[in-house]
Amino acid sequence: MLYTVRTPLRVSFFGGGTDYPEYFRRGRGAVLGMAVNKYIYISAFRLLSCLEYRYRLSYSRLEQVGSADEIQHPAVREAFRLYGVTDPLDVSVMADLPANSGLGSSSSFSVGLLNLISHMAGASVTKLDLAQRAIHLEREVLGENVGVQDQLHAAFGGFNRFDLTDNRVRISPLQMTGPCQDRLMQSLFLVYTGVKRHASKILDEQVTATASGSLDRDLSHLLGLVDDATAVLEGRDPVTMLNDFGAMLHEGWLTKRRLSARISSPEIDALYEQARGSGAIGGKLCGAGAGGFLLAVVPPERRGEFLDGMADRQVMPITMDTQGSVVLRQ
């Protein structure tokens, strides 16, 4: 029997950096973002015990090993250990977009893998369970310098605000009108920078600075933008909403660049200016920075102008995923 789990990637709009325990355990954090219609798929089926290997993994490489301890993929190896996976398995991973591109793919993978393990074991888990288990796997077991919003977006799907304190997460779906939501969803584009990077390495400097409190002024500003953006997005006039939203994204990007010298580069700055010169009213680099995808907000009436101006780049429209991590079939 084949089991397949589909888990969305995400774009973070506001509050990134305040979702690190190093910050919100000293006060509060909040993030505003959206799961998108680009996915990671993980499929698995149980193997016959007569094969010469116990686990076969197919992702960017192929592994055939005799025990979980021999698995080279860190997240798979540690998840199998943590949740006592002993059945012989063939596991395949596919994705709509490249890994390490600022869209939370590592956390989407972790959420999807844990969803798959739980489903194959017949265990009942909630979306919050999946997110919390993925946070534990990444931060505590693997020792990755990651925040906690990516796992939440991947598990829950939708367009959400997450308010964070030391001991709880409050999940608030955005209350948008149909016309406002439609205009926003018609206006979101990803532009590929062509640069892949590993978020945990980039964030070493930022996490250290966050823990020391030296970034509190900028992070406090990013936190305030979550409140402001919530009010803007839940407004009534679609044109005003989008214009204000784009301007706030631009403001947030200028602030985010100050968090670490590694976040941007002359090439990324030039790409951002090219996008703005082609009709984007705001945007930001997705994820930790230094590469991956640039998010651009382009009013629908300027879509043709934008695509013409960015013809030398890989550009794709995105919209919202509403389901989060789901089992497709069994």
# chains A, B, ... in the order shown; residues from 1 in each chain; ligands from 1
>>> closest_atom_pairs(of="range 8-78 of chain A", to="range 93-99 of chain A", cutoff="7 Å", atoms="only C-alpha atoms", output="CSV")
residue,atom,partner,partner_atom,distance
A:Lys38,CA,A:Asp96,CA,5.7
A:Tyr39,CA,A:Asp96,CA,5.6
A:Ile40,CA,A:Ala95,CA,4.3
A:Tyr41,CA,A:Met94,CA,5.1
A:Ile42,CA,A:Val93,CA,4.7
A:Ser43,CA,A:Val93,CA,6.6
A:Ser58,CA,A:Val93,CA,6.2
A:Tyr59,CA,A:Val93,CA,5.0
>>> residues_around(residues="Ile171 in chain A", least_positions_apart="4", cutoff="10 Å", atoms="only C-alpha atoms", output="PyMOL selection string")
chain A and resi 128+152+156+160-164
>>> write_last_selection(atoms="C-alpha atoms", output="PDB file, in the first residue's frame")
ATOM      1  CA  LEU A 128      -0.562  21.481  16.260  1.00  0.00           C
ATOM      2  CA  LEU A 152       3.185  26.042  11.828  1.00  0.00           C
ATOM      3  CA  PHE A 156      -1.943  24.341   9.285  1.00  0.00           C
ATOM      4  CA  ASN A 160      -2.446  33.043   9.477  1.00  0.00           C
ATOM      5  CA  ARG A 161      -1.086  35.192  12.212  1.00  0.00           C
ATOM      6  CA  PHE A 162       0.813  33.294  14.914  1.00  0.00           C
ATOM      7  CA  ASP A 163       1.302  35.022  18.270  1.00  0.00           C
ATOM      8  CA  LEU A 164       4.090  33.469  20.305  1.00  0.00           C
TER       9      LEU A 164
END
>>> closest_residue(among="A:Gly17, A:Gly224, A:Pro300, A:Gly194", to="Leu271 in chain A", atoms="only C-alpha atoms")
A:Gly194
>>> residues_around(residues="Gly282 in chain A", least_positions_apart="4", cutoff="6 Å", atoms="only C-alpha atoms", output="list in words")
Gly246, Ala247, Leu249, His250 and Val297 of chain A
>>> write_last_selection(atoms="N, CA and C atoms", output="compact mmCIF listing (two decimals), in the first residue's frame")
# COMPACT_ATOMS: atom_id res chain seq x y z
N GLY A 246 1.84 46.48 0.07
CA GLY A 246 3.10 46.53 -0.66
C GLY A 246 4.09 47.49 -0.04
N ALA A 247 3.61 48.67 0.38
CA ALA A 247 4.49 49.65 1.01
C ALA A 247 5.06 49.12 2.33
N LEU A 249 5.52 45.91 3.10
CA LEU A 249 6.52 44.88 2.79
C LEU A 249 7.86 45.52 2.48
N HIS A 250 7.84 46.60 1.71
CA HIS A 250 9.08 47.32 1.38
C HIS A 250 9.74 47.84 2.65
N VAL A 297 5.07 41.97 -4.93
CA VAL A 297 3.65 42.29 -4.94
C VAL A 297 3.39 43.22 -6.12
>>> residues_around(residues="range 1-6 of chain A", least_positions_apart="6", cutoff="8 Å", atoms="only C-alpha atoms", output="MDAnalysis selection string")
chainID A and resid 39:46 112:113 115:116 120 325:330
>>> residues_around(residues="Arg56 in chain A", least_positions_apart="2", cutoff="12 Å", atoms="only C-alpha atoms", output="CSV table (one decimal) with N, CA and C atoms, in the first residue's frame")
chain,number,residue,atom,x,y,z
A,43,SER,N,6.3,10.0,-0.3
A,43,SER,CA,5.6,8.8,-0.5
A,43,SER,C,6.4,7.6,0.1
A,44,ALA,N,5.6,6.6,0.6
A,44,ALA,CA,6.3,5.5,1.2
A,44,ALA,C,5.4,4.2,1.1
A,45,PHE,N,6.1,3.1,1.0
A,45,PHE,CA,5.4,1.8,1.2
A,45,PHE,C,6.3,0.8,1.9
A,46,ARG,N,5.7,-0.1,2.5
A,46,ARG,CA,6.5,-1.1,3.3
A,46,ARG,C,7.1,-2.1,2.3
A,47,LEU,N,8.4,-2.5,2.6
A,47,LEU,CA,9.1,-3.4,1.7
A,47,LEU,C,9.0,-4.8,2.2
A,48,LEU,N,9.2,-5.7,1.3
A,48,LEU,CA,9.3,-7.1,1.7
A,48,LEU,C,10.6,-7.4,2.5
A,51,LEU,N,14.4,-8.5,1.0
A,51,LEU,CA,15.4,-7.6,0.2
A,51,LEU,C,16.7,-7.5,1.0
A,52,GLU,N,17.7,-7.2,0.3
A,52,GLU,CA,19.1,-7.1,0.9
A,52,GLU,C,19.2,-5.8,1.7
A,53,TYR,N,18.3,-4.8,1.6
A,53,TYR,CA,18.4,-3.6,2.3
A,53,TYR,C,17.0,-3.4,3.1
A,54,ARG,N,17.1,-2.6,4.1
A,54,ARG,CA,15.9,-2.4,5.0
A,54,ARG,C,15.2,-1.1,4.6
A,58,SER,N,14.9,7.8,-1.7
A,58,SER,CA,15.1,8.5,-2.9
A,58,SER,C,14.8,10.0,-2.7
A,59,TYR,N,15.8,10.9,-2.7
A,59,TYR,CA,15.6,12.3,-2.7
A,59,TYR,C,16.6,12.9,-3.6
A,61,ARG,N,19.5,12.3,-3.6
A,61,ARG,CA,20.4,11.1,-3.7
A,61,ARG,C,19.7,9.9,-3.4
A,62,LEU,N,20.3,8.7,-3.6
A,62,LEU,CA,19.6,7.4,-3.4
A,62,LEU,C,20.4,6.7,-2.3
A,63,GLU,N,19.6,6.3,-1.3
A,63,GLU,CA,20.2,5.5,-0.2
A,63,GLU,C,19.5,4.1,-0.1
A,64,GLN,N,20.3,3.1,0.1
A,64,GLN,CA,19.8,1.7,0.4
A,64,GLN,C,20.7,1.2,1.5
A,65,VAL,N,20.0,1.1,2.7
A,65,VAL,CA,20.8,0.8,3.9
A,65,VAL,C,20.1,-0.3,4.7
A,66,GLY,N,20.9,-0.9,5.6
A,66,GLY,CA,20.3,-2.0,6.4
A,66,GLY,C,19.8,-1.6,7.7
A,67,SER,N,20.0,-0.4,8.2
A,67,SER,CA,19.4,0.0,9.5
A,67,SER,C,19.2,1.5,9.5
A,68,ALA,N,18.3,2.0,10.4
A,68,ALA,CA,18.1,3.4,10.5
A,68,ALA,C,19.3,4.2,10.8
A,70,GLU,N,22.2,3.9,9.7
A,70,GLU,CA,23.0,4.1,8.5
A,70,GLU,C,22.5,5.1,7.6
A,71,ILE,N,21.2,5.6,7.8
A,71,ILE,CA,20.6,6.6,7.0
A,71,ILE,C,21.4,7.9,7.0
A,72,GLN,N,21.8,8.5,5.9
A,72,GLN,CA,22.6,9.7,5.8
A,72,GLN,C,21.7,11.0,6.0
A,73,HIS,N,20.5,10.9,5.5
A,73,HIS,CA,19.6,12.1,5.6
A,73,HIS,C,19.3,12.3,7.1
A,76,VAL,N,15.5,12.3,8.4
A,76,VAL,CA,14.9,11.0,8.3
A,76,VAL,C,15.4,10.0,9.4
A,87,ASP,N,9.7,-0.8,10.6
A,87,ASP,CA,9.3,-1.5,9.4
A,87,ASP,C,10.2,-1.2,8.2
A,88,PRO,N,10.5,-2.2,7.4
A,88,PRO,CA,11.3,-1.9,6.1
A,88,PRO,C,10.5,-0.9,5.2
A,89,LEU,N,11.1,0.2,4.7
A,89,LEU,CA,10.4,1.2,4.0
A,89,LEU,C,11.1,1.6,2.7
A,90,ASP,N,10.3,1.9,1.7
A,90,ASP,CA,10.8,2.7,0.5
A,90,ASP,C,10.2,4.0,0.6
A,91,VAL,N,11.1,5.1,0.7
A,91,VAL,CA,10.6,6.5,0.9
A,91,VAL,C,11.1,7.3,-0.3
A,92,SER,N,10.2,8.0,-1.0
A,92,SER,CA,10.6,8.9,-2.1
A,92,SER,C,10.1,10.3,-1.8
A,93,VAL,N,10.9,11.3,-2.2
A,93,VAL,CA,10.6,12.7,-1.9
A,93,VAL,C,10.6,13.4,-3.2
>>> atom_distance(atom1="CA of Arg26 in chain A", atom2="CA of Leu9 in chain A")
28.5 Å
>>> select_by_dssp(residues="range 115-205 of chain A", states="alpha helix (DSSP H)", output="mmCIF file with N, CA and C atoms, in the first residue's frame")
data_model
loop_
_atom_site.group_PDB
_atom_site.id
_atom_site.type_symbol
_atom_site.label_atom_id
_atom_site.label_comp_id
_atom_site.auth_asym_id
_atom_site.auth_seq_id
_atom_site.Cartn_x
_atom_site.Cartn_y
_atom_site.Cartn_z
ATOM 1 N N ASN A 115 4.061 13.522 9.616
ATOM 2 C CA ASN A 115 2.680 13.186 9.281
ATOM 3 C C ASN A 115 2.618 11.792 8.666
ATOM 4 N N LEU A 116 3.550 11.488 7.781
ATOM 5 C CA LEU A 116 3.606 10.181 7.141
ATOM 6 C C LEU A 116 3.858 9.074 8.163
ATOM 7 N N ILE A 117 4.833 9.285 9.039
ATOM 8 C CA ILE A 117 5.157 8.290 10.058
ATOM 9 C C ILE A 117 3.940 8.019 10.947
ATOM 10 N N SER A 118 3.284 9.093 11.371
ATOM 11 C CA SER A 118 2.117 8.938 12.252
ATOM 12 C C SER A 118 0.986 8.199 11.547
ATOM 13 N N HIS A 119 0.733 8.570 10.294
ATOM 14 C CA HIS A 119 -0.368 7.943 9.566
ATOM 15 C C HIS A 119 -0.102 6.459 9.326
ATOM 16 N N MET A 120 1.126 6.119 8.959
ATOM 17 C CA MET A 120 1.445 4.711 8.704
ATOM 18 C C MET A 120 1.376 3.886 9.983
ATOM 19 N N ALA A 121 1.599 4.539 11.129
ATOM 20 C CA ALA A 121 1.522 3.834 12.414
ATOM 21 C C ALA A 121 0.103 3.786 12.954
ATOM 22 N N LYS A 127 -2.871 19.025 13.811
ATOM 23 C CA LYS A 127 -1.942 19.901 13.105
ATOM 24 C C LYS A 127 -0.971 20.563 14.074
ATOM 25 N N LEU A 128 -1.458 20.907 15.251
ATOM 26 C CA LEU A 128 -0.562 21.481 16.260
ATOM 27 C C LEU A 128 0.470 20.460 16.714
ATOM 28 N N ASP A 129 0.050 19.195 16.879
ATOM 29 C CA ASP A 129 1.001 18.135 17.217
ATOM 30 C C ASP A 129 2.124 18.074 16.187
ATOM 31 N N LEU A 130 1.752 18.082 14.905
ATOM 32 C CA LEU A 130 2.752 17.984 13.834
ATOM 33 C C LEU A 130 3.730 19.138 13.893
ATOM 34 N N ALA A 131 3.209 20.353 14.058
ATOM 35 C CA ALA A 131 4.083 21.519 14.107
ATOM 36 C C ALA A 131 5.034 21.436 15.293
ATOM 37 N N GLN A 132 4.529 21.095 16.458
ATOM 38 C CA GLN A 132 5.366 21.043 17.650
ATOM 39 C C GLN A 132 6.407 19.934 17.561
ATOM 40 N N ARG A 133 6.021 18.804 16.985
ATOM 41 C CA ARG A 133 6.993 17.713 16.831
ATOM 42 C C ARG A 133 8.091 18.101 15.843
ATOM 43 N N ALA A 134 7.714 18.808 14.783
ATOM 44 C CA ALA A 134 8.713 19.235 13.805
ATOM 45 C C ALA A 134 9.661 20.268 14.418
ATOM 46 N N ILE A 135 9.128 21.180 15.224
ATOM 47 C CA ILE A 135 9.970 22.157 15.919
ATOM 48 C C ILE A 135 10.971 21.443 16.820
ATOM 49 N N GLN A 149 7.877 29.475 12.935
ATOM 50 C CA GLN A 149 6.731 29.771 12.084
ATOM 51 C C GLN A 149 6.601 28.812 10.897
ATOM 52 N N ASP A 150 7.728 28.353 10.344
ATOM 53 C CA ASP A 150 7.656 27.525 9.141
ATOM 54 C C ASP A 150 6.900 26.232 9.393
ATOM 55 N N GLN A 151 7.138 25.621 10.534
ATOM 56 C CA GLN A 151 6.465 24.366 10.870
ATOM 57 C C GLN A 151 4.961 24.589 11.048
ATOM 58 N N LEU A 152 4.600 25.728 11.626
ATOM 59 C CA LEU A 152 3.185 26.042 11.828
ATOM 60 C C LEU A 152 2.477 26.270 10.499
ATOM 61 N N HIS A 153 3.093 27.040 9.607
ATOM 62 C CA HIS A 153 2.492 27.273 8.290
ATOM 63 C C HIS A 153 2.324 25.956 7.529
ATOM 64 N N ALA A 154 3.356 25.109 7.580
ATOM 65 C CA ALA A 154 3.312 23.846 6.847
ATOM 66 C C ALA A 154 2.214 22.935 7.375
ATOM 67 N N ALA A 155 2.053 22.892 8.673
ATOM 68 C CA ALA A 155 1.060 21.996 9.273
ATOM 69 C C ALA A 155 -0.362 22.505 9.073
ATOM 70 N N PHE A 156 -0.582 23.804 9.280
ATOM 71 C CA PHE A 156 -1.943 24.341 9.285
ATOM 72 C C PHE A 156 -2.425 24.782 7.904
ATOM 73 N N GLY A 178 -13.700 38.869 0.524
ATOM 74 C CA GLY A 178 -13.436 38.184 -0.739
ATOM 75 C C GLY A 178 -12.715 39.060 -1.750
ATOM 76 N N PRO A 179 -13.174 40.305 -1.983
ATOM 77 C CA PRO A 179 -12.482 41.165 -2.954
ATOM 78 C C PRO A 179 -11.036 41.470 -2.563
ATOM 79 N N CYS A 180 -10.780 41.694 -1.281
ATOM 80 C CA CYS A 180 -9.408 41.966 -0.842
ATOM 81 C C CYS A 180 -8.524 40.734 -1.023
ATOM 82 N N GLN A 181 -9.031 39.585 -0.627
ATOM 83 C CA GLN A 181 -8.240 38.365 -0.784
ATOM 84 C C GLN A 181 -7.977 38.068 -2.249
ATOM 85 N N ASP A 182 -8.977 38.238 -3.100
ATOM 86 C CA ASP A 182 -8.789 37.980 -4.525
ATOM 87 C C ASP A 182 -7.713 38.892 -5.118
ATOM 88 N N ARG A 183 -7.747 40.171 -4.758
ATOM 89 C CA ARG A 183 -6.754 41.101 -5.320
ATOM 90 C C ARG A 183 -5.353 40.740 -4.845
ATOM 91 N N LEU A 184 -5.223 40.368 -3.568
ATOM 92 C CA LEU A 184 -3.908 39.979 -3.069
ATOM 93 C C LEU A 184 -3.404 38.727 -3.778
ATOM 94 N N MET A 185 -4.256 37.710 -3.923
ATOM 95 C CA MET A 185 -3.820 36.458 -4.528
ATOM 96 C C MET A 185 -3.478 36.615 -6.017
ATOM 97 N N ALA A 199 19.693 27.857 5.480
ATOM 98 C CA ALA A 199 19.237 28.908 6.387
ATOM 99 C C ALA A 199 19.942 28.864 7.735
ATOM 100 N N SER A 200 20.163 27.666 8.284
ATOM 101 C CA SER A 200 20.733 27.570 9.625
ATOM 102 C C SER A 200 22.098 28.233 9.695
ATOM 103 N N LYS A 201 22.923 28.076 8.663
ATOM 104 C CA LYS A 201 24.253 28.682 8.665
ATOM 105 C C LYS A 201 24.171 30.202 8.593
ATOM 106 N N ILE A 202 23.257 30.709 7.771
ATOM 107 C CA ILE A 202 23.094 32.153 7.635
ATOM 108 C C ILE A 202 22.629 32.764 8.948
ATOM 109 N N LEU A 203 21.810 32.031 9.694
ATOM 110 C CA LEU A 203 21.179 32.581 10.877
ATOM 111 C C LEU A 203 22.036 32.505 12.135
ATOM 112 N N ASP A 204 23.208 31.868 12.079
ATOM 113 C CA ASP A 204 24.058 31.782 13.263
ATOM 114 C C ASP A 204 24.313 33.157 13.869
ATOM 115 N N GLU A 205 24.730 34.089 13.022
ATOM 116 C CA GLU A 205 25.032 35.444 13.484
ATOM 117 C C GLU A 205 23.794 36.136 14.033
#
>>> residues_around(residues="Ser264 in chain A", least_positions_apart="4", cutoff="12 Å", atoms="only C-alpha atoms", output="list in words")
Thr193, Val195, Ile202, Trp253, Leu254, Thr255, Lys256, Arg257, Arg258, Leu259, Ser260, Ile268, Asp269, Ala270, Leu271, Tyr272, Lys284, Leu285, Cys286, Gly287, Ala288, Gly289, Ala290, Gly291, Gly292, Phe293 and Leu294 of chain A
>>> decode(residues="range 25-147 of chain A", atoms="C-alpha atoms", output="PDB file, in the first residue's frame")
ATOM      1  CA  ARG A  25      10.837  33.888  25.484  1.00  0.00           C
ATOM      2  CA  ARG A  26      11.864  37.355  26.649  1.00  0.00           C
ATOM      3  CA  GLY A  27       8.508  38.883  25.744  1.00  0.00           C
ATOM      4  CA  ARG A  28       6.317  38.052  22.760  1.00  0.00           C
ATOM      5  CA  GLY A  29       6.719  37.369  19.084  1.00  0.00           C
ATOM      6  CA  ALA A  30       4.279  37.385  16.186  1.00  0.00           C
ATOM      7  CA  VAL A  31       4.443  36.468  12.512  1.00  0.00           C
ATOM      8  CA  LEU A  32       2.105  36.885   9.592  1.00  0.00           C
ATOM      9  CA  GLY A  33       2.414  34.604   6.576  1.00  0.00           C
ATOM     10  CA  MET A  34       0.781  32.185   4.205  1.00  0.00           C
ATOM     11  CA  ALA A  35       1.112  28.594   3.054  1.00  0.00           C
ATOM     12  CA  VAL A  36       1.384  28.574  -0.748  1.00  0.00           C
ATOM     13  CA  ASN A  37       0.374  26.249  -3.570  1.00  0.00           C
ATOM     14  CA  LYS A  38       3.873  24.819  -3.984  1.00  0.00           C
ATOM     15  CA  TYR A  39       4.490  21.508  -2.256  1.00  0.00           C
ATOM     16  CA  ILE A  40       6.768  18.787  -0.984  1.00  0.00           C
ATOM     17  CA  TYR A  41       5.476  15.240  -1.539  1.00  0.00           C
ATOM     18  CA  ILE A  42       6.688  12.269   0.494  1.00  0.00           C
ATOM     19  CA  SER A  43       5.557   8.768  -0.468  1.00  0.00           C
ATOM     20  CA  ALA A  44       6.310   5.476   1.235  1.00  0.00           C
ATOM     21  CA  PHE A  45       5.397   1.827   1.181  1.00  0.00           C
ATOM     22  CA  ARG A  46       6.474  -1.129   3.256  1.00  0.00           C
ATOM     23  CA  LEU A  47       9.123  -3.398   1.740  1.00  0.00           C
ATOM     24  CA  LEU A  48       9.326  -7.147   1.715  1.00  0.00           C
ATOM     25  CA  SER A  49      11.695  -8.423   4.379  1.00  0.00           C
ATOM     26  CA  CYS A  50      13.572 -10.608   1.860  1.00  0.00           C
ATOM     27  CA  LEU A  51      15.364  -7.618   0.243  1.00  0.00           C
ATOM     28  CA  GLU A  52      19.061  -7.085   0.922  1.00  0.00           C
ATOM     29  CA  TYR A  53      18.361  -3.595   2.341  1.00  0.00           C
ATOM     30  CA  ARG A  54      15.884  -2.429   4.970  1.00  0.00           C
ATOM     31  CA  TYR A  55      15.410   1.191   3.917  1.00  0.00           C
ATOM     32  CA  ARG A  56      15.486   2.724   0.463  1.00  0.00           C
ATOM     33  CA  LEU A  57      15.394   6.535   0.303  1.00  0.00           C
ATOM     34  CA  SER A  58      15.131   8.534  -2.900  1.00  0.00           C
ATOM     35  CA  TYR A  59      15.573  12.319  -2.670  1.00  0.00           C
ATOM     36  CA  SER A  60      18.440  14.343  -4.186  1.00  0.00           C
ATOM     37  CA  ARG A  61      20.445  11.142  -3.710  1.00  0.00           C
ATOM     38  CA  LEU A  62      19.627   7.440  -3.390  1.00  0.00           C
ATOM     39  CA  GLU A  63      20.218   5.476  -0.200  1.00  0.00           C
ATOM     40  CA  GLN A  64      19.829   1.740   0.376  1.00  0.00           C
ATOM     41  CA  VAL A  65      20.803   0.827   3.924  1.00  0.00           C
ATOM     42  CA  GLY A  66      20.349  -2.000   6.382  1.00  0.00           C
ATOM     43  CA  SER A  67      19.418   0.017   9.481  1.00  0.00           C
ATOM     44  CA  ALA A  68      18.067   3.418  10.493  1.00  0.00           C
ATOM     45  CA  ASP A  69      21.452   4.322  11.997  1.00  0.00           C
ATOM     46  CA  GLU A  70      23.022   4.079   8.532  1.00  0.00           C
ATOM     47  CA  ILE A  71      20.642   6.617   6.954  1.00  0.00           C
ATOM     48  CA  GLN A  72      22.566   9.689   5.820  1.00  0.00           C
ATOM     49  CA  HIS A  73      19.577  12.065   5.634  1.00  0.00           C
ATOM     50  CA  PRO A  74      19.648  13.636   9.129  1.00  0.00           C
ATOM     51  CA  ALA A  75      15.934  14.407   9.478  1.00  0.00           C
ATOM     52  CA  VAL A  76      14.852  10.956   8.300  1.00  0.00           C
ATOM     53  CA  ARG A  77      17.414   9.146  10.456  1.00  0.00           C
ATOM     54  CA  GLU A  78      16.529  11.037  13.633  1.00  0.00           C
ATOM     55  CA  ALA A  79      12.762  10.923  13.024  1.00  0.00           C
ATOM     56  CA  PHE A  80      12.942   7.143  12.561  1.00  0.00           C
ATOM     57  CA  ARG A  81      14.911   6.844  15.791  1.00  0.00           C
ATOM     58  CA  LEU A  82      12.667   9.236  17.695  1.00  0.00           C
ATOM     59  CA  TYR A  83       9.402   7.541  16.715  1.00  0.00           C
ATOM     60  CA  GLY A  84      10.598   3.956  16.646  1.00  0.00           C
ATOM     61  CA  VAL A  85      10.183   3.263  12.931  1.00  0.00           C
ATOM     62  CA  THR A  86      11.258  -0.343  12.391  1.00  0.00           C
ATOM     63  CA  ASP A  87       9.263  -1.506   9.356  1.00  0.00           C
ATOM     64  CA  PRO A  88      11.315  -1.855   6.136  1.00  0.00           C
ATOM     65  CA  LEU A  89      10.362   1.158   3.988  1.00  0.00           C
ATOM     66  CA  ASP A  90      10.834   2.650   0.541  1.00  0.00           C
ATOM     67  CA  VAL A  91      10.580   6.459   0.857  1.00  0.00           C
ATOM     68  CA  SER A  92      10.551   8.909  -2.076  1.00  0.00           C
ATOM     69  CA  VAL A  93      10.642  12.702  -1.918  1.00  0.00           C
ATOM     70  CA  MET A  94       9.530  15.103  -4.646  1.00  0.00           C
ATOM     71  CA  ALA A  95       9.151  18.889  -4.599  1.00  0.00           C
ATOM     72  CA  ASP A  96       7.701  21.603  -6.799  1.00  0.00           C
ATOM     73  CA  LEU A  97      10.615  23.984  -6.100  1.00  0.00           C
ATOM     74  CA  PRO A  98      14.293  23.683  -5.148  1.00  0.00           C
ATOM     75  CA  ALA A  99      15.304  23.108  -1.538  1.00  0.00           C
ATOM     76  CA  ASN A 100      17.143  25.789   0.445  1.00  0.00           C
ATOM     77  CA  SER A 101      15.326  28.593  -1.356  1.00  0.00           C
ATOM     78  CA  GLY A 102      13.723  30.550   1.496  1.00  0.00           C
ATOM     79  CA  LEU A 103      10.264  28.973   1.388  1.00  0.00           C
ATOM     80  CA  GLY A 104      10.538  26.842   4.512  1.00  0.00           C
ATOM     81  CA  SER A 105      11.209  23.600   2.643  1.00  0.00           C
ATOM     82  CA  SER A 106      13.177  21.991   5.488  1.00  0.00           C
ATOM     83  CA  SER A 107      10.319  22.480   7.912  1.00  0.00           C
ATOM     84  CA  SER A 108       7.744  21.410   5.326  1.00  0.00           C
ATOM     85  CA  PHE A 109       9.753  18.234   4.868  1.00  0.00           C
ATOM     86  CA  SER A 110       9.885  17.624   8.624  1.00  0.00           C
ATOM     87  CA  VAL A 111       6.136  18.187   9.035  1.00  0.00           C
ATOM     88  CA  GLY A 112       5.341  15.947   6.063  1.00  0.00           C
ATOM     89  CA  LEU A 113       7.667  13.184   7.232  1.00  0.00           C
ATOM     90  CA  LEU A 114       6.188  13.169  10.737  1.00  0.00           C
ATOM     91  CA  ASN A 115       2.680  13.186   9.281  1.00  0.00           C
ATOM     92  CA  LEU A 116       3.606  10.181   7.141  1.00  0.00           C
ATOM     93  CA  ILE A 117       5.157   8.290  10.058  1.00  0.00           C
ATOM     94  CA  SER A 118       2.117   8.938  12.252  1.00  0.00           C
ATOM     95  CA  HIS A 119      -0.368   7.943   9.566  1.00  0.00           C
ATOM     96  CA  MET A 120       1.445   4.711   8.704  1.00  0.00           C
ATOM     97  CA  ALA A 121       1.522   3.834  12.414  1.00  0.00           C
ATOM     98  CA  GLY A 122      -2.215   4.498  12.736  1.00  0.00           C
ATOM     99  CA  ALA A 123      -1.594   7.237  15.309  1.00  0.00           C
ATOM    100  CA  SER A 124      -3.921  10.220  15.664  1.00  0.00           C
ATOM    101  CA  VAL A 125      -2.192  13.611  15.476  1.00  0.00           C
ATOM    102  CA  THR A 126      -3.475  17.167  15.222  1.00  0.00           C
ATOM    103  CA  LYS A 127      -1.942  19.901  13.105  1.00  0.00           C
ATOM    104  CA  LEU A 128      -0.562  21.481  16.260  1.00  0.00           C
ATOM    105  CA  ASP A 129       1.001  18.135  17.217  1.00  0.00           C
ATOM    106  CA  LEU A 130       2.752  17.984  13.834  1.00  0.00           C
ATOM    107  CA  ALA A 131       4.083  21.519  14.107  1.00  0.00           C
ATOM    108  CA  GLN A 132       5.366  21.043  17.650  1.00  0.00           C
ATOM    109  CA  ARG A 133       6.993  17.713  16.831  1.00  0.00           C
ATOM    110  CA  ALA A 134       8.713  19.235  13.805  1.00  0.00           C
ATOM    111  CA  ILE A 135       9.970  22.157  15.919  1.00  0.00           C
ATOM    112  CA  HIS A 136      11.389  19.688  18.442  1.00  0.00           C
ATOM    113  CA  LEU A 137      13.015  17.589  15.711  1.00  0.00           C
ATOM    114  CA  GLU A 138      14.665  20.546  14.015  1.00  0.00           C
ATOM    115  CA  ARG A 139      15.697  22.655  16.987  1.00  0.00           C
ATOM    116  CA  GLU A 140      16.343  20.142  19.753  1.00  0.00           C
ATOM    117  CA  VAL A 141      17.331  16.938  17.973  1.00  0.00           C
ATOM    118  CA  LEU A 142      19.054  18.271  14.833  1.00  0.00           C
ATOM    119  CA  GLY A 143      20.298  21.484  16.449  1.00  0.00           C
ATOM    120  CA  GLU A 144      19.189  23.719  13.577  1.00  0.00           C
ATOM    121  CA  ASN A 145      19.013  27.500  13.992  1.00  0.00           C
ATOM    122  CA  VAL A 146      15.403  27.817  12.875  1.00  0.00           C
ATOM    123  CA  GLY A 147      12.370  29.664  14.147  1.00  0.00           C
TER     124      GLY A 147
END
